[in-house]
Each structure stands twice: as structure tokens, then as C-alpha cells.
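Have a look at entry.cif; it's mmCIF, C-alpha atoms:
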data_query
#
loop_
_atom_site.label_atom_id
_atom_site.label_comp_id
_atom_site.auth_asym_id
_atom_site.auth_seq_id
_atom_site.Cartn_x
_atom_site.Cartn_y
_atom_site.Cartn_z
CA MET A 1 11.33 -6.95 -36.45
CA THR A 2 12.61 -4.00 -34.48
CA PRO A 3 9.80 -1.53 -34.05
CA THR A 4 11.08 1.41 -35.99
CA SER A 5 8.08 2.29 -38.09
CA ASN A 6 6.12 3.99 -35.36
CA PRO A 7 5.92 7.66 -36.30
CA TRP A 8 5.72 8.55 -32.63
CA PHE A 9 8.59 8.28 -30.16
CA THR A 10 10.67 10.30 -32.54
CA LEU A 11 11.76 12.81 -29.93
CA GLY A 12 15.08 12.18 -28.34
CA VAL A 13 16.87 12.78 -25.08
CA ASP A 14 20.40 14.05 -25.47
CA ASP A 15 23.29 12.17 -23.90
CA LEU A 16 23.89 14.81 -21.26
CA VAL A 17 20.32 14.63 -19.97
CA LEU A 18 20.47 10.84 -20.03
CA ALA A 19 23.73 10.78 -18.08
CA ARG A 20 22.33 13.18 -15.50
CA ALA A 21 19.12 11.17 -15.23
CA LYS A 22 21.14 8.01 -14.62
CA ARG A 23 22.87 9.76 -11.72
CA GLY A 24 19.48 10.57 -10.24
CA ASP A 25 19.27 14.25 -11.19
CA ALA A 26 15.68 15.34 -10.49
CA ALA A 27 15.56 17.91 -13.30
CA ALA A 28 16.81 15.34 -15.80
CA HIS A 29 14.18 12.89 -14.60
CA GLU A 30 11.49 15.45 -15.25
CA LYS A 31 12.95 16.21 -18.68
CA LEU A 32 12.80 12.53 -19.49
CA PHE A 33 9.17 12.43 -18.43
CA ARG A 34 8.28 15.52 -20.47
CA VAL A 35 9.86 14.06 -23.60
CA PHE A 36 8.05 10.73 -23.42
CA ALA A 37 4.88 11.46 -21.43
CA THR A 38 2.48 11.89 -24.32
CA GLU A 39 3.85 8.96 -26.28
CA VAL A 40 3.73 6.67 -23.26
CA HIS A 41 0.24 7.84 -22.38
CA THR A 42 -0.99 7.28 -25.92
CA LEU A 43 0.31 3.72 -25.86
CA ALA A 44 -1.09 3.17 -22.37
CA ARG A 45 -4.47 4.62 -23.28
CA ARG A 46 -4.76 2.49 -26.41
CA LEU A 47 -4.04 -0.66 -24.44
CA SER A 48 -6.03 0.20 -21.32
CA ARG A 49 -9.71 0.06 -20.66
CA THR A 50 -10.06 3.36 -18.87
CA ALA A 51 -8.32 6.71 -18.65
CA GLU A 52 -7.56 5.98 -14.99
CA ASP A 53 -5.88 2.69 -15.89
CA ALA A 54 -3.83 4.49 -18.53
CA GLU A 55 -2.64 7.10 -16.03
CA ASP A 56 -1.66 4.39 -13.58
CA VAL A 57 0.28 2.65 -16.37
CA VAL A 58 2.09 5.92 -17.12
CA GLN A 59 3.07 6.30 -13.48
CA GLU A 60 4.19 2.69 -13.17
CA THR A 61 6.14 3.00 -16.40
CA PHE A 62 8.10 6.07 -15.38
CA LEU A 63 8.77 4.77 -11.88
CA GLU A 64 10.18 1.61 -13.44
CA VAL A 65 12.18 3.62 -15.99
CA LEU A 66 13.68 5.90 -13.32
CA ARG A 67 14.41 2.93 -11.06
CA SER A 68 16.10 0.91 -13.81
CA LEU A 69 17.75 3.77 -15.69
CA PRO A 70 21.20 3.27 -14.09
CA ARG A 71 21.20 -0.23 -15.60
CA PHE A 72 20.18 0.99 -19.08
CA ARG A 73 23.26 0.30 -21.20
CA GLY A 74 22.07 1.88 -24.41
CA ASP A 75 22.06 -1.34 -26.43
CA GLY A 76 18.84 -0.18 -28.07
CA SER A 77 17.21 3.21 -28.26
CA LEU A 78 16.02 4.85 -25.07
CA ALA A 79 12.64 5.48 -26.70
CA GLY A 80 12.29 1.82 -27.62
CA TRP A 81 13.15 0.76 -24.09
CA VAL A 82 10.68 3.21 -22.52
CA ARG A 83 8.01 2.04 -24.95
CA ARG A 84 8.70 -1.59 -24.12
CA VAL A 85 8.38 -0.89 -20.40
CA ALA A 86 5.08 0.92 -21.04
CA ALA A 87 3.72 -1.96 -23.13
CA SER A 88 4.70 -4.47 -20.46
CA LYS A 89 3.05 -2.46 -17.71
CA ALA A 90 -0.13 -2.05 -19.74
CA LEU A 91 -0.25 -5.76 -20.54
CA GLN A 92 0.30 -6.64 -16.88
CA ARG A 93 -2.70 -4.55 -16.00
CA LEU A 94 -4.76 -6.16 -18.76
CA ARG A 95 -3.88 -9.59 -17.43
CA ARG A 96 -5.38 -8.62 -14.09
CA HIS A 97 -8.62 -7.79 -15.91
CA ARG A 98 -8.57 -10.82 -18.18
CA GLY A 99 -11.42 -12.57 -16.43
CA HIS A 100 -13.75 -9.76 -17.40
CA GLU A 101 -12.95 -9.58 -21.08
CA ALA A 102 -15.77 -9.96 -23.51
CA ILE A 103 -15.56 -12.98 -25.79
CA ASP A 104 -14.94 -12.32 -29.45
CA GLU A 105 -16.90 -14.43 -31.88
CA GLU A 106 -14.97 -13.99 -35.10
CA ASP A 107 -13.37 -17.07 -36.56
CA GLY A 108 -10.72 -15.09 -38.39
CA HIS A 109 -11.86 -16.08 -41.88
CA PHE A 110 -12.22 -13.54 -44.61
CA ALA A 111 -15.15 -13.70 -46.94
CA THR A 112 -14.31 -12.20 -50.29
CA THR A 113 -17.34 -9.96 -50.46
CA SER A 114 -14.79 -7.24 -50.10
CA ARG A 115 -15.35 -3.56 -49.39
CA ALA A 116 -11.80 -3.02 -50.49
CA ALA A 117 -12.27 0.02 -52.63
CA GLU A 118 -14.17 1.98 -50.02
CA PRO A 119 -12.39 4.95 -48.51
CA ILE A 120 -11.00 4.45 -45.05
CA VAL A 121 -13.26 5.45 -42.23
CA ALA A 122 -13.18 8.65 -40.29
CA ARG A 123 -10.82 8.79 -37.33
CA VAL A 124 -13.61 9.13 -34.85
CA ASP A 125 -15.23 5.93 -36.14
CA LEU A 126 -11.95 4.06 -35.99
CA ASP A 127 -11.32 5.36 -32.49
CA ALA A 128 -14.74 4.12 -31.38
CA ALA A 129 -14.34 0.77 -33.14
CA LEU A 130 -10.95 0.28 -31.53
CA SER A 131 -12.44 0.78 -28.11
CA ARG A 132 -15.11 -1.84 -28.79
CA ILE A 133 -12.94 -4.80 -29.70
CA GLY A 134 -11.65 -7.11 -26.97
CA ASP A 135 -8.76 -6.05 -24.76
CA THR A 136 -6.34 -8.66 -26.07
CA SER A 137 -7.20 -8.07 -29.72
CA ARG A 138 -6.90 -4.33 -29.27
CA ALA A 139 -3.52 -4.71 -27.60
CA VAL A 140 -2.22 -6.98 -30.36
CA VAL A 141 -3.44 -4.83 -33.25
CA TRP A 142 -1.98 -1.73 -31.65
CA LEU A 143 1.36 -3.30 -30.78
CA HIS A 144 1.70 -4.90 -34.22
CA ASP A 145 0.19 -2.42 -36.64
CA VAL A 146 1.08 0.84 -34.90
CA GLU A 147 4.04 0.13 -32.63
CA GLY A 148 5.63 -2.25 -35.10
CA TYR A 149 6.30 -5.19 -32.82
CA SER A 150 6.60 -8.61 -34.45
CA HIS A 151 4.30 -11.45 -33.48
CA GLU A 152 7.23 -13.11 -31.73
CA GLU A 153 7.89 -10.00 -29.64
CA ILE A 154 4.21 -9.64 -28.78
CA ALA A 155 4.07 -13.32 -27.83
CA GLU A 156 7.03 -12.84 -25.50
CA MET A 157 5.45 -9.81 -23.85
CA MET A 158 2.09 -11.55 -23.42
CA GLY A 159 3.46 -14.91 -22.39
CA ARG A 160 1.72 -16.56 -25.35
CA THR A 161 2.72 -17.96 -28.75
CA ALA A 162 3.29 -16.17 -32.03
CA SER A 163 0.31 -18.11 -33.43
CA PHE A 164 -1.85 -16.64 -30.70
CA SER A 165 -0.69 -13.14 -31.65
CA LYS A 166 -1.45 -13.77 -35.33
CA SER A 167 -4.93 -15.08 -34.62
CA GLN A 168 -5.65 -12.15 -32.30
CA LEU A 169 -4.53 -9.73 -35.02
CA ALA A 170 -6.91 -11.35 -37.48
CA ARG A 171 -9.67 -11.25 -34.90
CA ALA A 172 -9.01 -7.59 -34.25
CA HIS A 173 -9.26 -6.70 -37.94
CA ALA A 174 -12.43 -8.74 -38.33
CA ARG A 175 -13.97 -6.94 -35.36
CA LEU A 176 -12.85 -3.57 -36.60
CA ARG A 177 -14.45 -4.23 -39.95
CA GLN A 178 -17.64 -5.33 -38.24
CA HIS A 179 -17.83 -2.19 -36.12
CA LEU A 180 -16.93 0.09 -38.99
CA ALA A 181 -19.55 -1.41 -41.31
CA MET B 1 -10.24 -21.18 -51.88
CA HIS B 2 -9.28 -17.75 -50.62
CA PRO B 3 -6.68 -17.32 -47.90
CA THR B 4 -7.88 -16.64 -44.39
CA LEU B 5 -7.78 -13.17 -42.90
CA GLU B 6 -4.71 -14.22 -40.90
CA GLU B 7 -2.99 -15.27 -44.11
CA LEU B 8 -3.95 -12.04 -45.85
CA LEU B 9 -2.50 -10.06 -42.96
CA ALA B 10 0.73 -12.00 -43.39
CA ALA B 11 0.62 -11.05 -47.08
CA ARG B 12 0.11 -7.42 -46.13
CA ASP B 13 3.19 -7.65 -43.89
CA GLY B 14 5.25 -9.30 -46.64
CA GLN B 15 5.36 -12.60 -44.78
CA ALA B 16 2.92 -14.71 -46.82
CA GLU B 17 3.52 -18.35 -47.63
CA PRO B 18 4.48 -18.71 -51.32
CA ALA B 19 1.14 -20.31 -52.23
CA ASN B 20 -0.82 -17.51 -50.56
CA ALA B 21 1.38 -14.85 -52.13
CA ALA B 22 0.73 -16.38 -55.54
CA HIS B 23 -3.00 -16.47 -54.86
CA VAL B 24 -3.10 -12.83 -53.81
CA ALA B 25 -1.15 -11.83 -56.87
CA ALA B 26 -3.69 -13.54 -59.07
CA CYS B 27 -6.91 -12.69 -57.19
CA ALA B 28 -8.25 -9.14 -57.47
CA ALA B 29 -10.58 -9.54 -54.48
CA CYS B 30 -7.75 -10.68 -52.21
CA ARG B 31 -5.46 -7.92 -53.47
CA ASP B 32 -8.17 -5.41 -52.64
CA GLU B 33 -8.55 -6.89 -49.18
CA VAL B 34 -4.81 -6.72 -48.56
CA ASP B 35 -4.89 -3.08 -49.66
CA ARG B 36 -7.81 -2.45 -47.31
CA LEU B 37 -5.95 -4.03 -44.39
CA ALA B 38 -2.95 -1.84 -45.16
CA ALA B 39 -5.22 1.21 -45.25
CA VAL B 40 -6.65 0.33 -41.83
CA ARG B 41 -3.11 0.06 -40.48
CA GLU B 42 -2.27 3.49 -41.87
CA ALA B 43 -5.46 4.90 -40.38
CA LEU B 44 -4.56 3.45 -36.97
CA ARG B 45 -1.12 5.04 -37.19
CA ALA B 46 -2.70 8.34 -38.12
CA LEU B 47 -4.87 8.46 -35.01
CA PRO B 48 -3.96 11.48 -32.89
CA GLN B 49 -1.73 11.25 -29.87
CA LEU B 50 -3.48 11.30 -26.51
CA PRO B 51 -1.83 13.57 -23.93
CA PRO B 52 -2.60 12.81 -20.27
CA ARG B 53 -5.60 14.68 -18.87
CA GLN B 54 -3.46 16.11 -16.12
CA ASP B 55 0.19 16.59 -15.31
CA LEU B 56 1.26 13.25 -13.86
CA TRP B 57 4.81 14.30 -13.04
CA PRO B 58 4.19 15.60 -9.48
CA ALA B 59 2.74 12.25 -8.38
CA ILE B 60 5.54 10.32 -10.11
CA ALA B 61 8.19 12.52 -8.51
CA ARG B 62 6.64 12.00 -5.07
CA SER B 63 6.58 8.23 -5.54
CA ARG B 64 10.19 8.31 -6.72
CA ASP B 65 11.17 10.35 -3.68
CA GLU B 66 9.28 7.96 -1.43
CA GLU B 67 11.30 5.05 -2.84
CA ARG B 68 14.51 6.98 -2.25
CA TRP B 69 13.42 7.54 1.33
CA GLN B 70 12.84 3.90 2.09
CA ARG B 71 16.48 2.85 2.32
CA PRO B 72 17.82 5.82 4.32
CA LEU B 73 14.80 5.64 6.63
CA ARG B 74 15.53 2.00 7.30
CA ARG B 75 19.23 2.61 7.94
CA VAL B 76 18.67 5.62 10.20
CA GLY B 77 15.89 3.85 12.07
CA TRP B 78 18.00 0.83 12.96
CA ALA B 79 21.02 2.91 13.86
CA ILE B 80 18.96 4.97 16.25
CA ALA B 81 17.36 1.88 17.72
CA VAL B 82 20.73 0.27 18.43
CA MET B 83 21.98 3.44 20.07
CA ALA B 84 18.81 3.74 22.11
CA LEU B 85 19.11 0.18 23.33
CA VAL B 86 22.69 0.81 24.47
CA ILE B 87 21.59 3.93 26.33
CA THR B 88 18.60 2.28 27.93
CA GLY B 89 20.63 -0.82 28.77
CA VAL B 90 23.13 1.26 30.69
CA ALA B 91 20.35 3.20 32.34
CA GLY B 92 18.49 -0.01 33.15
CA ALA B 93 21.54 -1.36 34.99
CA ARG B 94 21.89 1.88 36.83
CA GLY B 95 18.18 1.78 37.60
CA ALA B 96 18.75 -1.10 39.97
CA ILE B 97 20.89 1.04 42.15
CA GLU B 98 19.57 4.46 41.28
CA THR B 99 16.13 5.88 41.06
CA TRP B 100 12.97 4.02 40.20
CA ARG B 101 12.00 6.86 37.87
CA GLU B 102 15.07 6.46 35.71
CA ALA B 103 14.46 2.71 35.43
CA ARG B 104 10.91 3.33 34.34
CA LEU B 105 12.05 5.78 31.69
CA ALA B 106 14.48 3.19 30.40
CA ARG B 107 11.79 0.52 30.30
CA ASP B 108 9.35 2.83 28.51
CA THR B 109 12.02 3.73 25.99
CA ARG B 110 12.82 0.06 25.33
CA GLU B 111 9.16 -0.71 24.71
CA LEU B 112 8.81 2.24 22.35
CA VAL B 113 11.98 1.27 20.48
CA ALA B 114 10.63 -2.25 20.04
CA GLU B 115 7.32 -0.93 18.77
CA SER B 116 9.11 1.46 16.45
CA GLN B 117 11.15 -1.40 15.01
CA ARG B 118 8.06 -3.50 14.53
CA LEU B 119 6.25 -0.74 12.64
CA GLU B 120 9.33 -0.03 10.56
CA SER B 121 9.69 -3.68 9.57
CA VAL B 122 6.06 -3.70 8.43
CA LEU B 123 6.67 -0.50 6.49
CA THR B 124 9.73 -1.80 4.71
CA ALA B 125 8.43 -5.30 4.05
CA PRO B 126 8.65 -6.56 0.41
CA GLY B 127 5.97 -5.00 -1.79
CA GLY B 128 5.76 -1.98 0.42
CA GLY B 129 7.18 0.53 -2.04
CA GLY B 130 7.16 1.56 -5.66
CA GLY B 131 3.49 1.49 -6.39
CA VAL B 132 1.25 4.17 -7.71
CA VAL B 133 0.38 6.91 -5.26
CA ARG B 134 -2.30 9.51 -5.77
CA GLY B 135 -1.11 13.07 -5.41
CA ARG B 136 -2.76 13.81 -2.07
CA THR B 137 -1.67 10.49 -0.57
CA ALA B 138 1.90 10.99 -1.74
CA SER B 139 1.92 14.46 -0.22
CA THR B 140 0.73 13.13 3.14
CA ILE B 141 3.32 10.33 3.08
CA ALA B 142 6.07 12.82 2.27
CA GLU B 143 4.97 15.03 5.17
CA LEU B 144 4.96 12.10 7.61
CA GLU B 145 8.42 11.06 6.47
CA ASP B 146 9.70 14.59 6.91
CA ARG B 147 8.35 14.67 10.44
CA ILE B 148 9.98 11.30 11.22
CA ALA B 149 13.26 12.72 9.94
CA VAL B 150 12.91 15.66 12.34
CA VAL B 151 12.25 13.28 15.26
CA ASP B 152 15.23 11.12 14.23
CA GLU B 153 17.44 14.19 14.17
CA SER B 154 16.43 14.98 17.75
CA LEU B 155 16.90 11.37 18.86
CA THR B 156 20.44 11.25 17.53
CA LYS B 157 21.29 14.04 19.99
CA ALA B 158 19.89 12.16 23.01
CA THR B 159 22.52 10.85 25.40
CA ARG B 160 20.47 9.45 28.27
CA PRO B 161 16.88 8.39 28.96
CA SER B 162 14.59 11.25 29.82
CA ALA B 163 10.96 12.22 29.55
CA ASP B 164 11.83 14.14 26.40
CA VAL B 165 13.36 11.06 24.80
CA VAL B 166 10.31 8.99 25.68
CA ALA B 167 8.11 11.68 24.15
CA LEU B 168 10.21 11.64 20.98
CA TRP B 169 9.92 7.88 20.70
CA GLN B 170 6.18 8.11 21.28
CA GLU B 171 5.99 10.64 18.45
CA ARG B 172 8.08 8.40 16.19
CA VAL B 173 5.79 5.42 16.87
CA ARG B 174 2.73 7.55 16.20
CA LEU B 175 4.14 8.82 12.89
CA LEU B 176 5.20 5.34 11.76
CA ASP B 177 1.75 4.06 12.64
CA ALA B 178 0.19 6.81 10.52
CA LEU B 179 2.60 6.01 7.68
CA ASN B 180 1.60 2.36 7.82
CA SER B 181 -2.05 3.35 7.68
CA MET B 182 -1.37 5.40 4.54
CA ARG B 183 0.47 2.45 3.01
CA THR B 184 -2.40 0.09 3.77
CA THR B 185 -4.83 2.48 2.15
CA ARG B 186 -2.60 2.87 -0.91
CA ASP B 187 -2.03 -0.87 -1.30
CA THR B 188 -5.71 -1.55 -1.06
CA TYR B 189 -6.34 1.04 -3.74
CA VAL B 190 -3.82 -0.29 -6.24
CA GLY B 191 -4.70 -3.92 -5.52
CA LEU B 192 -1.25 -4.98 -4.32
#
Conversion result in C-alpha cells:
Amino acid sequence: MTPTSNPWFTLGVDDLVLARAKRGDAAAHEKLFRVFATEVHTLARRLSRTAEDAEDVVQETFLEVLRSLPRFRGDGSLAGWVRRVAASKALQRLRRHRGHEAIDEEDGHFATTSRAAEPIVARVDLDAALSRIGDTSRAVVWLHDVEGYSHEEIAEMMGRTASFSKSQLARAHARLRQHLA
Amino acid sequence: MHPTLEELLAARDGQAEPANAAHVAACAACRDEVDRLAAVREALRALPQLPPRQDLWPAIARSRDEERWQRPLRRVGWAIAVMALVITGVAGARGAIETWREARLARDTRELVAESQRLESVLTAPGGGGGVVRGRTASTIAELEDRIAVVDESLTKATRPSADVVALWQERVRLLDALNSMRTTRDTYVGL
């Protein structure tokens, strides 16, 4: 699945700016940053533990983008490529912290004592719940449910299997439900 | 038996196995759960964007400029070193028959050129560039590189060993040493 459903990353960079940026034009580089900064930071912040980590991911992302831009052939969208770089950088950073991640207990099974009809929770509650689930689960639920990546794509980015991504997604939703209860 | 949460998520995404899809279609509780999972997804997508707390562009631009500097710095540095060795080599030969002072200047210059090359090779070693640099650190690095460029400009005009040339090489070594110290601090910070 090509991640097209994300409502963010809708802003574009016109061809002229892109061509200038590829040639190393400083003003075009800054334009590129201004267009994508908030979107990249949002993704980075959702996948990172701290605001400082997220800012480092943003810097690493744009340095990589500017460095590799001359080789960007435009096979996919520029936004999708920038987003992919950001996700990879954030996941790299998470891997460095993996040893410290809290262990999730959920077994991924759904008991049918459903709260299905209840209205969805307030944003602030969801925000807080999201920050309380494990790093890997949070990354998977964000990349899949919000960014629109398939389990296969997430598996490739994380160096794991699609089954791992699916189980982490289930774990994330179980944890979210627990924290929102 | 109800499908697992993982299977219900697959149903939500339209990727359920036929048996699970049939179960969800027939089971009100599972349909409700699939709807709830879809609602959570929509709520996640509706979370507000998170702008950076500060403008990160200045630090990114400095790091980009630092990367751009690496290659020219390396090229200029080696070119100057080769030229300096030629000059000092000639002067060294002359030193045998000319003044002791000139020979000493040539020797001092050779030693400083060697030290400059050593520091530069440390500076440009793999992994030395492209990392994250805090704004103040990047500013200091940029200033040091500018000062090295000024010294290099003066060295390119030197035609023979002199006290001034030795002083310039001493300054270059000092600046490269400071630049390496900044790099060590930065690498330690970012965990490289």
C-alpha cells in the first residue's frame, strides 16, 4: 500500500524550487525545509521518546534529504520520500534505545466485552495514551494507522517481519484501550 | 470463537481472511469492535500537528555548510602541504650551504606541515561529518573554518620559508586542533 491516506504532507514543492534545491541553492533548501518542517517534526515527535530526540531526527532527516536530493529521481512523490527518510531516522534512533523499552504485557487477544458504542476519547487523552505505550508499538500504530504504511513496508523499515508489525499493531491498540479506559 | 484483535484489525483494513470476514459480518460485537478500531484510527489521524519548539533551520544550514566545507578544506589543505614541502625541501637543501637560520625555518615548517596533515586526516576521517550540531557548536565550527580559510589564503602566497610562514602554519595547526576538539565534543554528544 502506498501511503496516500495521510492528510498531512499535502503541501507541495514546485518543480522550480526542487530543481534549484538539487543544484544546491541555499534559498531553495530553506524553502524545502519550511514546507516539510512541521510534518517531519510531527512524525518524528510521534515516534520519538523526547522532544530533543525529535528535533535531532528532524535535523538528521533534512541533512540526509539535502545530501541525497541530487539523486532523487522523482519516481515517487517528494513528500513521500522525505517522510520515508524521517521515519527511517526516527526508527534508527529508537533502535539505539531498544534496550530500555518497557515490556508490553498484552497478548493481542480481544475479549468481546466491547465498548464499541462509546464515543471516541478526547484528543488529550489519546495523546497521553499514545505516549504511554511502548516505543515499537507506538511507532507501528503511527506508521500504519496514520502514515498509511503497509505491514510489509513497516517490516522493511524496522528490519523485522510483517507478522511482527501486525502483532505490534494489535498490541498498540490493546494498550491504547487499556490506557483510555 | 471470536477473532483475535490482530484479525479484527485486518478486517478493519479490508484484509481479513474469508472466515474472519464472515464472522465479523455475522457478529454484532465484533462489528462494533471493528468500528471502534476504525474510530481510534480516525482519532489518531485527527491529532494536531506538532511544530518544532524552535526554528531548526539555522542549525541544519550550518551542518549542511560544514559538510560542504569538508571536501574543499581537504583539497586545499593537501595542495598547500605539497607546495610547502617543495618550498621547504628547496630551502632545506640550500640550508646546508646557506644560513643555519633558514634551515631551521625549513625544519620547523616541515614539522608543522606534518602536524597539520595529521590533524586534518583525523578531522576528515570517516564518520567525522554529517551529524547533528547544536547551534552554538556549529557557529564555533564555522568560525574556525573561516579562520583556517584565511590562513590558507595567506599560505598560498608564501614563496619561501620565513618566520611569517612558520607563524601561519602554527596558527593553522592551532585552529585544526581546536576544530578537532569541537568535533570530539560533538561526536560524544550525539553518540557517534
Going by the chain IDs and residue numbers used in this file, which residues fall under the PyMOL selection byres ((chain B) within 9 of (chain A))? Write them as a PyMOL selection string. chain B and resi 2-10+29-37+39-53+56-57+59-61+63-64+130-133+190
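The two atoms in question, atom CA of Arg147 of chain B and atom CA of Arg107 of chain B, are spaced 24.6 Å apart.
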One-decimal distance in Å that lies between atom CA of Ile141 of chain B and atom CA of Ala114 of chain B: 22.3 Å
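Considering only C-alpha atoms, the residue among A:Ala28, A:Ala129, A:Leu91, A:Leu180 positioned nearest to Arg160 of chain A is A:Leu91.
The spacing separating atom CA of Ile154 of chain A from atom CA of His179 of chain A amounts to 24.4 Å.
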Pick from B:Thr137, B:Leu168, B:Val113, B:Asp108: nearest to Val82 of chain B, with all atoms listed in the file counted? B:Val113
Excluding same-chain residues fewer than 6 positions from Ser154 of chain B, what lies within 10 Å of it counting only C-alpha atoms, as number ranges by chain? B: 148, 164-165, 168
Which residues match the PyMOL selection byres ((chain A and resi 93) around 10) in the file above, as a PyMOL selection string? chain A and resi 47-49+53-54+56-57+87-92+94-98
